[in-house]
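Source file: model-v1.cif (mmCIF, C-alpha atoms and all ligand atoms)
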data_query
#
loop_
_atom_site.label_atom_id
_atom_site.label_comp_id
_atom_site.auth_asym_id
_atom_site.auth_seq_id
_atom_site.Cartn_x
_atom_site.Cartn_y
_atom_site.Cartn_z
CA MET E 129 86.28 66.60 104.29
CA ASN E 130 85.58 62.83 104.15
CA LYS E 131 88.40 60.33 104.42
CA GLY E 132 88.27 59.15 100.83
CA PHE E 133 88.49 62.68 99.55
CA LYS E 134 91.38 63.52 101.86
CA LEU E 135 93.27 60.50 100.57
CA ALA E 136 92.61 61.44 96.96
CA ALA E 137 93.79 64.97 97.67
CA ALA E 138 96.97 63.68 99.29
CA VAL E 139 97.72 61.46 96.29
CA LEU E 140 97.11 64.35 93.93
CA CYS E 141 99.48 66.58 95.90
CA ALA E 142 102.14 63.91 95.91
CA THR E 143 101.80 63.54 92.15
CA VAL E 144 102.03 67.26 91.57
CA LEU E 145 104.97 67.63 93.93
CA GLY E 146 106.70 64.75 92.20
CA ALA E 147 106.29 66.53 88.90
CA CYS E 148 107.70 69.75 90.34
CA GLY E 149 110.51 67.89 91.99
CA LYS E 150 111.98 66.87 88.66
CA GLY E 151 113.51 70.24 87.99
CA GLY E 152 114.13 72.01 91.31
CA ALA E 153 114.38 75.21 89.30
CA ASP E 154 110.64 75.11 88.57
CA GLY E 155 109.84 75.06 92.25
CA GLN E 156 112.13 78.00 92.82
CA ALA E 157 110.57 79.99 90.01
CA ALA E 158 107.12 79.40 91.47
CA LYS E 159 108.34 80.66 94.84
CA ASN E 160 109.72 83.90 93.42
CA GLU E 161 106.72 84.61 91.25
CA ALA E 162 105.10 87.99 91.75
CA ILE E 163 101.94 88.09 93.85
CA THR E 164 99.09 89.00 91.54
CA VAL E 165 96.74 91.46 93.22
CA GLY E 166 93.45 92.69 91.81
CA PHE E 167 92.69 96.09 93.33
CA SER E 168 89.35 97.79 92.80
CA GLN E 169 89.46 101.47 93.73
CA VAL E 170 86.39 103.63 94.49
CA GLY E 171 87.22 106.35 91.97
CA ALA E 172 89.08 109.64 91.83
CA GLU E 173 86.54 111.77 93.66
CA SER E 174 88.82 113.61 96.09
CA GLU E 175 92.37 114.66 96.98
CA TRP E 176 92.29 111.91 99.59
CA ARG E 177 91.51 109.31 96.94
CA THR E 178 94.28 110.49 94.61
CA ALA E 179 96.80 110.21 97.43
CA ASN E 180 95.46 106.78 98.36
CA THR E 181 95.75 105.50 94.77
CA ARG E 182 99.32 106.78 94.52
CA SER E 183 100.23 105.09 97.79
CA VAL E 184 98.69 101.76 96.76
CA LYS E 185 100.36 101.79 93.33
CA GLU E 186 103.76 102.62 94.82
CA ALA E 187 103.54 99.88 97.45
CA LEU E 188 102.18 97.16 95.15
CA ALA E 189 104.83 97.67 92.48
CA ALA E 190 106.75 95.16 90.36
CA PRO E 191 108.70 92.94 90.64
CA GLU E 192 107.25 91.78 93.95
CA PHE E 193 103.66 92.41 92.90
CA ASN E 194 101.71 92.16 89.69
CA LEU E 195 99.00 94.77 90.22
CA LYS E 196 95.76 94.80 88.28
CA PHE E 197 94.22 98.18 89.11
CA SER E 198 90.65 99.09 88.28
CA ASP E 199 88.85 102.42 88.89
CA ALA E 200 85.10 102.06 89.61
CA GLN E 201 84.19 105.72 89.14
CA GLN E 202 82.13 105.64 92.34
CA LYS E 203 79.80 102.91 90.99
CA GLN E 204 79.23 99.65 92.84
CA GLU E 205 78.26 97.83 89.65
CA ASN E 206 81.71 98.63 88.21
CA GLN E 207 83.36 97.26 91.33
CA ILE E 208 81.37 94.04 91.19
CA LYS E 209 82.38 93.63 87.54
CA ALA E 210 86.02 94.24 88.43
CA LEU E 211 85.91 91.69 91.27
CA ARG E 212 84.34 89.09 88.96
CA SER E 213 87.02 89.71 86.39
CA PHE E 214 89.75 89.29 89.05
CA ILE E 215 88.13 86.00 90.09
CA ALA E 216 88.01 84.84 86.45
CA GLN E 217 91.68 85.70 86.01
CA GLY E 218 92.55 83.74 89.16
CA VAL E 219 94.48 86.52 90.94
CA ASP E 220 96.25 85.55 94.18
CA VAL E 221 94.61 88.22 96.35
CA ILE E 222 91.78 90.70 95.83
CA ALA E 223 91.95 94.05 97.62
CA PHE E 224 89.25 96.67 97.36
CA SER E 225 87.78 99.77 98.86
CA PRO E 226 84.00 99.26 98.71
CA VAL E 227 82.16 102.35 97.53
CA VAL E 228 79.09 101.49 99.67
CA GLU E 229 78.64 99.11 102.60
CA SER E 230 75.87 96.80 101.45
CA GLY E 231 75.32 94.45 98.52
CA TRP E 232 78.58 92.48 98.56
CA GLU E 233 77.53 89.03 99.83
CA THR E 234 77.15 87.33 96.46
CA VAL E 235 80.39 88.44 94.85
CA LEU E 236 82.36 87.86 98.05
CA ARG E 237 81.00 84.32 98.19
CA GLU E 238 82.18 83.83 94.63
CA ALA E 239 85.69 84.92 95.66
CA LYS E 240 85.60 82.59 98.66
CA ALA E 241 84.48 79.68 96.50
CA ALA E 242 87.42 80.40 94.20
CA ASN E 243 89.74 80.40 97.25
CA ILE E 244 90.83 83.99 96.66
CA PRO E 245 91.36 85.93 99.88
CA VAL E 246 89.79 89.40 99.99
CA VAL E 247 91.40 92.28 101.86
CA LEU E 248 89.34 95.43 102.48
CA THR E 249 91.09 98.77 102.55
CA ASP E 250 89.74 102.14 103.63
CA ARG E 251 86.00 101.34 103.72
CA GLY E 252 84.16 98.43 105.31
CA VAL E 253 81.27 96.24 104.18
CA ASP E 254 78.09 95.18 105.90
CA VAL E 255 77.93 91.37 105.58
CA SER E 256 76.40 88.75 107.87
CA ASP E 257 79.37 86.38 107.46
CA ASP E 258 82.64 88.13 108.20
CA SER E 259 84.69 85.17 106.98
CA LEU E 260 83.97 86.65 103.53
CA PHE E 261 86.93 88.99 103.97
CA VAL E 262 90.26 88.53 105.70
CA THR E 263 90.79 91.94 107.22
CA LEU E 264 89.95 95.65 106.99
CA ILE E 265 92.76 98.21 107.03
CA GLY E 266 91.50 101.74 107.51
CA SER E 267 90.46 104.59 109.74
CA ASP E 268 87.94 104.69 112.54
CA PHE E 269 85.35 106.90 110.83
CA VAL E 270 83.04 107.10 113.86
CA GLU E 271 85.92 108.48 115.88
CA GLU E 272 86.65 111.03 113.13
CA GLY E 273 83.05 112.27 113.37
CA ARG E 274 83.39 112.53 117.14
CA ARG E 275 86.62 114.48 116.79
CA ALA E 276 84.98 117.00 114.46
CA ALA E 277 82.17 117.48 117.00
CA ARG E 278 84.56 117.79 119.93
CA TRP E 279 86.49 120.45 118.07
CA LEU E 280 83.24 122.33 117.44
CA ILE E 281 82.12 122.13 121.07
CA ASP E 282 85.51 123.37 122.20
CA ASP E 283 85.46 126.19 119.64
CA SER E 284 81.98 127.21 120.84
CA LYS E 285 82.80 127.30 124.53
CA ASP E 286 82.29 131.07 124.81
CA SER E 287 78.91 131.16 123.07
CA THR E 288 75.58 130.55 124.73
CA GLY E 289 73.22 130.93 121.76
CA PRO E 290 71.99 128.22 119.43
CA VAL E 291 74.45 126.83 116.86
CA ARG E 292 72.82 125.92 113.55
CA ILE E 293 74.82 123.35 111.64
CA VAL E 294 74.55 122.23 108.03
CA GLU E 295 76.08 118.91 107.10
CA LEU E 296 77.58 117.90 103.77
CA GLN E 297 77.53 114.15 103.80
CA GLY E 298 79.73 111.78 101.85
CA THR E 299 78.50 109.21 99.32
CA VAL E 300 75.12 107.81 100.35
CA GLY E 301 75.52 104.34 101.88
CA SER E 302 79.32 104.56 102.20
CA ALA E 303 81.00 103.57 105.45
CA PRO E 304 82.64 106.98 106.02
CA ALA E 305 79.35 108.86 105.47
CA ILE E 306 77.38 106.57 107.78
CA ASP E 307 80.03 106.46 110.50
CA ARG E 308 81.12 110.10 110.46
CA MET E 309 77.52 111.21 110.76
CA ALA E 310 76.96 108.79 113.67
CA GLY E 311 80.09 109.90 115.54
CA PHE E 312 79.35 113.59 115.03
CA LYS E 313 75.71 113.26 116.15
CA GLU E 314 76.65 111.20 119.17
CA VAL E 315 78.80 114.03 120.57
CA ILE E 316 76.76 117.01 119.35
CA GLY E 317 73.59 115.40 120.74
CA GLN E 318 74.90 115.84 124.28
CA ASP E 319 74.80 119.65 124.02
CA PRO E 320 71.36 121.27 123.50
CA ARG E 321 72.85 124.37 121.83
CA PHE E 322 73.62 122.42 118.67
CA SER E 323 71.20 121.37 115.95
CA ILE E 324 71.73 120.05 112.44
CA VAL E 325 69.32 122.12 110.34
CA ARG E 326 70.16 120.61 106.95
CA SER E 327 71.94 117.54 105.78
CA GLN E 328 72.59 116.33 102.24
CA SER E 329 75.13 114.31 100.29
CA GLY E 330 77.75 116.08 98.21
CA ASP E 331 79.21 112.71 97.11
CA PHE E 332 82.68 113.64 98.46
CA THR E 333 83.39 115.98 95.50
CA ARG E 334 84.15 119.71 95.30
CA ALA E 335 81.60 120.37 92.59
CA LYS E 336 78.75 118.73 94.51
CA GLY E 337 79.90 120.32 97.77
CA LYS E 338 79.58 123.73 96.17
CA GLU E 339 76.22 122.96 94.60
CA VAL E 340 74.66 121.63 97.81
CA MET E 341 76.07 124.50 99.89
CA GLU E 342 74.46 126.96 97.46
CA ALA E 343 71.14 125.22 98.06
CA PHE E 344 71.68 125.31 101.85
CA LEU E 345 72.36 129.06 101.71
CA LYS E 346 69.31 129.65 99.61
CA ALA E 347 67.09 127.66 101.92
CA GLU E 348 68.43 128.97 105.24
CA GLY E 349 69.27 132.53 104.23
CA ARG E 350 72.52 134.44 104.82
CA ASP E 351 72.10 134.46 108.57
CA GLY E 352 70.65 131.01 109.01
CA ILE E 353 73.85 128.95 109.14
CA ASP E 354 76.53 129.11 111.85
CA VAL E 355 78.58 126.04 111.08
CA LEU E 356 79.32 123.70 108.21
CA PHE E 357 80.37 120.14 108.97
CA ALA E 358 81.65 118.49 105.77
CA HIS E 359 82.45 114.77 105.65
CA ASN E 360 85.55 115.56 103.60
CA ASP E 361 87.82 118.48 102.78
CA ASP E 362 86.96 118.58 99.09
CA MET E 363 83.29 119.27 99.77
CA ALA E 364 84.32 121.93 102.31
CA ILE E 365 86.54 123.57 99.68
CA GLY E 366 83.66 123.58 97.18
CA ALA E 367 81.38 125.02 99.86
CA ILE E 368 83.89 127.77 100.67
CA GLN E 369 83.45 129.01 97.10
CA ALA E 370 79.67 129.01 97.46
CA ILE E 371 79.92 130.92 100.75
CA GLU E 372 82.22 133.53 99.22
CA GLU E 373 79.98 133.91 96.18
CA ALA E 374 77.09 134.57 98.57
CA GLY E 375 79.11 137.49 99.99
CA LEU E 376 79.92 135.77 103.29
CA LYS E 377 83.25 135.05 104.96
CA PRO E 378 84.04 131.34 105.30
CA GLY E 379 85.78 130.61 108.58
CA GLU E 380 84.19 133.69 110.19
CA ASP E 381 80.52 134.10 109.27
CA ILE E 382 80.26 130.36 108.90
CA ARG E 383 82.74 128.22 110.80
CA ILE E 384 83.81 125.09 108.94
CA VAL E 385 85.15 121.76 110.11
CA SER E 386 85.87 118.90 107.72
CA ILE E 387 87.70 115.59 107.54
CA ASP E 388 90.79 114.23 105.70
CA GLY E 389 93.60 116.75 106.32
CA VAL E 390 94.67 117.01 102.67
CA ARG E 391 96.96 119.76 101.40
CA GLY E 392 94.04 121.81 100.03
CA ALA E 393 92.55 121.91 103.53
CA PHE E 394 95.80 123.17 105.03
CA GLU E 395 95.97 125.88 102.40
CA ALA E 396 92.36 126.88 103.12
CA MET E 397 93.12 126.95 106.86
CA LYS E 398 96.23 129.04 106.25
CA ALA E 399 94.03 131.51 104.35
CA GLY E 400 91.65 131.55 107.35
CA LYS E 401 88.75 130.04 105.39
CA LEU E 402 88.57 126.62 107.01
CA ASN E 403 88.66 126.32 110.79
CA ALA E 404 89.73 122.75 111.41
CA THR E 405 90.29 119.42 109.72
CA VAL E 406 90.26 115.96 111.25
CA GLU E 407 93.01 113.82 109.83
CA CYS E 408 92.20 110.69 107.82
CA ASN E 409 95.35 109.09 106.50
CA PRO E 410 95.15 107.84 102.89
CA LEU E 411 98.69 106.44 102.81
CA LEU E 412 97.63 102.84 103.34
CA GLY E 413 99.82 101.28 100.63
CA GLN E 414 102.67 99.92 102.77
CA GLN E 415 100.36 98.40 105.36
CA LEU E 416 98.26 96.89 102.60
CA ALA E 417 101.36 95.39 100.94
CA GLN E 418 102.42 93.78 104.21
CA ILE E 419 98.98 92.32 104.85
CA ILE E 420 98.92 90.91 101.31
CA ARG E 421 102.35 89.30 101.82
CA ASP E 422 101.13 87.74 105.06
CA VAL E 423 97.84 86.54 103.63
CA HIS E 424 99.58 85.10 100.58
CA ALA E 425 102.09 83.27 102.77
CA GLY E 426 99.28 81.91 104.95
CA ARG E 427 100.34 83.86 108.02
CA PRO E 428 97.58 85.00 110.39
CA VAL E 429 96.56 88.68 110.22
CA PRO E 430 94.40 90.78 112.57
CA LYS E 431 90.77 91.19 111.49
CA ARG E 432 90.99 94.98 111.82
CA VAL E 433 93.95 97.35 111.38
CA VAL E 434 93.15 100.92 112.50
CA VAL E 435 95.16 103.90 111.29
CA GLU E 436 96.38 106.51 113.83
CA GLU E 437 95.23 110.11 113.20
CA GLY E 438 94.95 113.62 114.71
CA VAL E 439 93.12 116.97 114.41
CA PHE E 440 94.56 120.26 113.02
CA THR E 441 93.36 123.86 113.33
CA ARG E 442 93.95 127.16 111.52
CA GLU E 443 96.54 128.15 114.11
CA GLN E 444 98.68 125.12 113.26
CA ALA E 445 98.24 125.24 109.47
CA ALA E 446 101.25 127.33 108.44
CA THR E 447 103.69 125.32 110.58
CA GLU E 448 102.24 121.95 109.66
CA LEU E 449 101.82 122.52 105.90
CA PRO E 450 105.44 121.73 104.89
CA ASN E 451 105.26 118.42 106.79
CA ARG E 452 102.18 117.15 105.01
CA LYS E 453 102.71 114.14 102.80
CA TYR E 454 99.38 114.31 100.94
O1 LIG D 501 87.39 110.84 103.41
C1 LIG D 501 87.00 111.06 101.08
C2 LIG D 501 87.04 110.04 100.01
O2 LIG D 501 86.79 106.60 102.19
C3 LIG D 501 88.05 107.72 103.84
O3 LIG D 501 86.61 108.85 100.63
C4 LIG D 501 87.57 107.71 102.43
C5 LIG D 501 86.84 108.94 102.01
C6 LIG D 501 87.59 110.25 102.18
O4 LIG D 501 86.44 110.37 98.88
O5 LIG D 501 87.70 112.22 100.78
#
Translate this file's structure into structure tokens.
Amino acid sequence: MNKGFKLAAAVLCATVLGACGKGGADGQAAKNEAITVGFSQVGAESEWRTANTRSVKEALAAPEFNLKFSDAQQKQENQIKALRSFIAQGVDVIAFSPVVESGWETVLREAKAANIPVVLTDRGVDVSDDSLFVTLIGSDFVEEGRRAARWLIDDSKDSTGPVRIVELQGTVGSAPAIDRMAGFKEVIGQDPRFSIVRSQSGDFTRAKGKEVMEAFLKAEGRDGIDVLFAHNDDMAIGAIQAIEEAGLKPGEDIRIVSIDGVRGAFEAMKAGKLNATVECNPLLGQQLAQIIRDVHAGRPVPKRVVVEEGVFTREQAATELPNRKY
């Protein structure tokens, strides 16, 4: 900033402050005003997402917050529109869970130019300039993929033969699909018994999970698949239906490991149809609210906040089910 401009800015501030100073009450009102947050959600594609939306809405409630919530129905163009509308409305903070990783530079620059801080939740973005967002609160998806693979290796310790895996991937280009695949492959790749024979996106939904699993079964035959790795529980639950309709026993004829740890997965494990789930916690609302408070107050925040998570198996399902919060 050049000197002349700084001076002009100082004078302007003094003038504005003077105006506010007249009635102290005005200043007070401004201080207690709700923080307006524009939140752009991915969609309502899974049990995980529903729990995440509930958590965000509960934590960003009135009177402390004025939440503008927008559902993108899994389309990036809808999210970009929502972000532009938040910028036009001059919200205090933008928070969003980016459906895919790439293609955000332009709109994030627009937010920066408008001086609106952007907080990422759940999924990350791929940008060259990471000053375009303040922080990312969410899980370590690579580690989740590794955990699924480690469970599988452990569960296969008594077998010597080849293990043919089919993979139901999440939304193409999304951070969890890219990272879970990478983490899983990294660990599986160290053991020559394992091979991924087919891999396709089921877009994180039950319906697509079922459809793609049907195609896998058709292509590989009844005996061609030993294991299903699904990037989320919903796709695994859809696939379980396809496996049963093909006359096979999910959890036995085909072992299944998925990610999220939602209630539906615990029920499927209790019924013996799903072997294990890697936890991915959707209850990010409170942490998000705190980060937004800090950002709004100008306090420093860490660039990355990682959520703590575990792994659950069929043996633990019945005991753990009553404790589940999503
Ligand atoms: O695993 C899946 C959802 O981004 C972590 O999105 C999230 C994923 C979650 O649709 O169920």
List every residue of chain E that has an atom at most 7 Å from any atom of ligand LIG 501 (chain D), giving for each one its closest atom pair and the distance in Å to one decimal, counting all atoms listed in the file, sorted by chain and then by ascending residue number, as a tab-separated table.
residue	atom	partner	partner_atom	distance
E:Glu173	CA	D:LIG501	O4	5.4
E:Ser174	CA	D:LIG501	O4	4.9
E:Glu175	CA	D:LIG501	O5	6.5
E:Trp176	CA	D:LIG501	O5	4.8
E:Arg177	CA	D:LIG501	C2	5.5
E:Asp250	CA	D:LIG501	O2	5.5
E:Arg251	CA	D:LIG501	O2	5.5
E:Pro304	CA	D:LIG501	O2	5.7
E:Phe332	CA	D:LIG501	O4	5.0
E:His359	CA	D:LIG501	O1	6.7
E:Asn360	CA	D:LIG501	O5	4.9
E:Asp361	CA	D:LIG501	O5	6.6
E:Asp362	CA	D:LIG501	O5	6.6
E:Ile387	CA	D:LIG501	O1	6.3
E:Asp388	CA	D:LIG501	O1	5.3
E:Cys408	CA	D:LIG501	C3	6.5
*E:Ala305, E:Val325, E:Tyr454, E:Ile419: which is nearest E:Val262, counting only C-alpha atoms?*
E:Ile419
*asked:* From the options E:Ala239, E:Met309, E:Gly252, E:Ala367, which residue's atoms come nearest to E:Val270, counting only C-alpha atoms?
replied: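 Smallest separation from E:Val270 among the options: E:Met309.
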*Identify which of the residues E:Trp279, E:Glu295, E:Gln318, E:His424 lies closest to E:Arg442, counting only C-alpha atoms when measuring atom-to-atom distances.*
E:Trp279
*To one decimal place, how far is atom CA of E:Phe167 from atom CA of E:Arg427 in Å?*
20.6 Å
*Find the spatial neighbours of E:Ala335, counting only C-alpha atoms, within a cut-off of 7 Å - ignore same-chain residues fewer than 3 positions away - and output them as a ChimeraX atom specification.*
/E:338-339,366
*Proximity to E:Leu356 - best of E:Ser323, E:Ser386, E:Gln328, E:Gln418, all atoms listed in the file*: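 Distance minimum relative to E:Leu356 lands on E:Ser386.
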*Between E:Ala241, E:Ile420, E:Val255, E:Val291, which one has atoms that come closest to E:Gly166, using all atoms listed in the file?*
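The shortest atom-to-atom distance to E:Gly166 comes from E:Ile420.
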*Tell me, in Å to one decimal, how far atom CA of E:Ile368 is from atom CA of E:Ile384.*
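Atom-to-atom, atom CA of E:Ile368 and atom CA of E:Ile384 are spaced 8.7 Å apart.
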*Do you know which residues lie at most 12 Å from (78.3, 118.9, 117.0), with coordinates as in the file and only C-alpha atoms counted, and could you write them as number ranges by chain?*
E: 273-284, 290-295, 308-325, 354-358, 384-386
Mind writing stretch 187-198 of chain E to a file for me, with all heavy atoms, as a tab-separated table (two decimals), in the first residue's frame?
chain	number	residue	atom	x	y	z
E	187	ALA	N	-25.03	-26.52	14.20
E	187	ALA	CA	-23.94	-25.71	14.77
E	187	ALA	C	-23.98	-24.26	14.30
E	187	ALA	O	-23.57	-23.36	15.03
E	187	ALA	CB	-22.60	-26.34	14.42
E	188	LEU	N	-24.46	-24.03	13.08
E	188	LEU	CA	-24.48	-22.66	12.56
E	188	LEU	C	-25.90	-22.08	12.68
E	188	LEU	O	-26.45	-21.53	11.73
E	188	LEU	CB	-24.01	-22.63	11.11
E	188	LEU	CG	-22.58	-23.10	10.84
E	188	LEU	CD1	-22.21	-22.95	9.38
E	188	LEU	CD2	-21.57	-22.34	11.70
E	189	ALA	N	-26.47	-22.22	13.87
E	189	ALA	CA	-27.87	-21.79	14.06
E	189	ALA	C	-27.94	-20.35	14.57
E	189	ALA	O	-26.97	-19.80	15.08
E	189	ALA	CB	-28.52	-22.73	15.07
E	190	ALA	N	-29.12	-19.77	14.42
E	190	ALA	CA	-29.41	-18.44	14.96
E	190	ALA	C	-29.44	-18.55	16.49
E	190	ALA	O	-29.68	-19.65	17.00
E	190	ALA	CB	-30.75	-17.96	14.42
E	191	PRO	N	-29.24	-17.52	17.27
E	191	PRO	CA	-28.99	-16.14	16.80
E	191	PRO	C	-27.52	-15.84	16.47
E	191	PRO	O	-27.24	-14.80	15.89
E	191	PRO	CB	-29.44	-15.31	17.99
E	191	PRO	CG	-29.15	-16.18	19.18
E	191	PRO	CD	-29.37	-17.59	18.74
E	192	GLU	N	-26.61	-16.75	16.84
E	192	GLU	CA	-25.21	-16.40	16.62
E	192	GLU	C	-24.86	-16.32	15.14
E	192	GLU	O	-24.06	-15.49	14.72
E	192	GLU	CB	-24.29	-17.43	17.32
E	192	GLU	CG	-22.84	-16.99	17.29
E	192	GLU	CD	-21.87	-18.04	17.84
E	192	GLU	OE1	-22.33	-19.12	18.28
E	192	GLU	OE2	-20.67	-17.77	17.79
E	193	PHE	N	-25.48	-17.21	14.36
E	193	PHE	CA	-25.17	-17.24	12.93
E	193	PHE	C	-26.41	-16.98	12.08
E	193	PHE	O	-27.53	-17.29	12.50
E	193	PHE	CB	-24.62	-18.63	12.53
E	193	PHE	CG	-23.32	-18.96	13.19
E	193	PHE	CD1	-23.28	-19.74	14.35
E	193	PHE	CD2	-22.12	-18.50	12.67
E	193	PHE	CE1	-22.08	-20.06	14.97
E	193	PHE	CE2	-20.90	-18.82	13.28
E	193	PHE	CZ	-20.88	-19.60	14.43
E	194	ASN	N	-26.16	-16.42	10.92
E	194	ASN	CA	-27.23	-16.29	9.92
E	194	ASN	C	-26.77	-17.15	8.75
E	194	ASN	O	-25.91	-16.75	7.98
E	194	ASN	CB	-27.35	-14.81	9.55
E	194	ASN	CG	-28.23	-14.61	8.34
E	194	ASN	OD1	-29.06	-15.45	8.01
E	194	ASN	ND2	-28.03	-13.49	7.66
E	195	LEU	N	-27.33	-18.37	8.67
E	195	LEU	CA	-26.83	-19.35	7.70
E	195	LEU	C	-27.60	-19.30	6.39
E	195	LEU	O	-28.83	-19.39	6.36
E	195	LEU	CB	-26.93	-20.77	8.30
E	195	LEU	CG	-26.56	-21.92	7.37
E	195	LEU	CD1	-25.09	-21.86	6.95
E	195	LEU	CD2	-26.86	-23.27	8.04
E	196	LYS	N	-26.86	-19.16	5.30
E	196	LYS	CA	-27.46	-19.28	3.97
E	196	LYS	C	-26.97	-20.59	3.40
E	196	LYS	O	-25.79	-20.72	3.07
E	196	LYS	CB	-27.03	-18.12	3.08
E	196	LYS	CG	-27.53	-16.78	3.61
E	196	LYS	CD	-27.07	-15.64	2.75
E	196	LYS	CE	-27.46	-14.31	3.36
E	196	LYS	NZ	-28.91	-14.12	3.46
E	197	PHE	N	-27.86	-21.58	3.35
E	197	PHE	CA	-27.48	-22.95	2.98
E	197	PHE	C	-27.92	-23.24	1.55
E	197	PHE	O	-29.05	-22.98	1.17
E	197	PHE	CB	-28.15	-23.93	3.94
E	197	PHE	CG	-27.76	-25.36	3.71
E	197	PHE	CD1	-26.68	-25.91	4.39
E	197	PHE	CD2	-28.46	-26.15	2.81
E	197	PHE	CE1	-26.31	-27.24	4.18
E	197	PHE	CE2	-28.09	-27.48	2.59
E	197	PHE	CZ	-27.02	-28.01	3.28
E	198	SER	N	-27.01	-23.82	0.78
E	198	SER	CA	-27.36	-24.13	-0.60
E	198	SER	C	-26.88	-25.54	-0.97
E	198	SER	O	-25.75	-25.91	-0.67
E	198	SER	CB	-26.69	-23.07	-1.49
E	198	SER	OG	-26.76	-23.44	-2.83
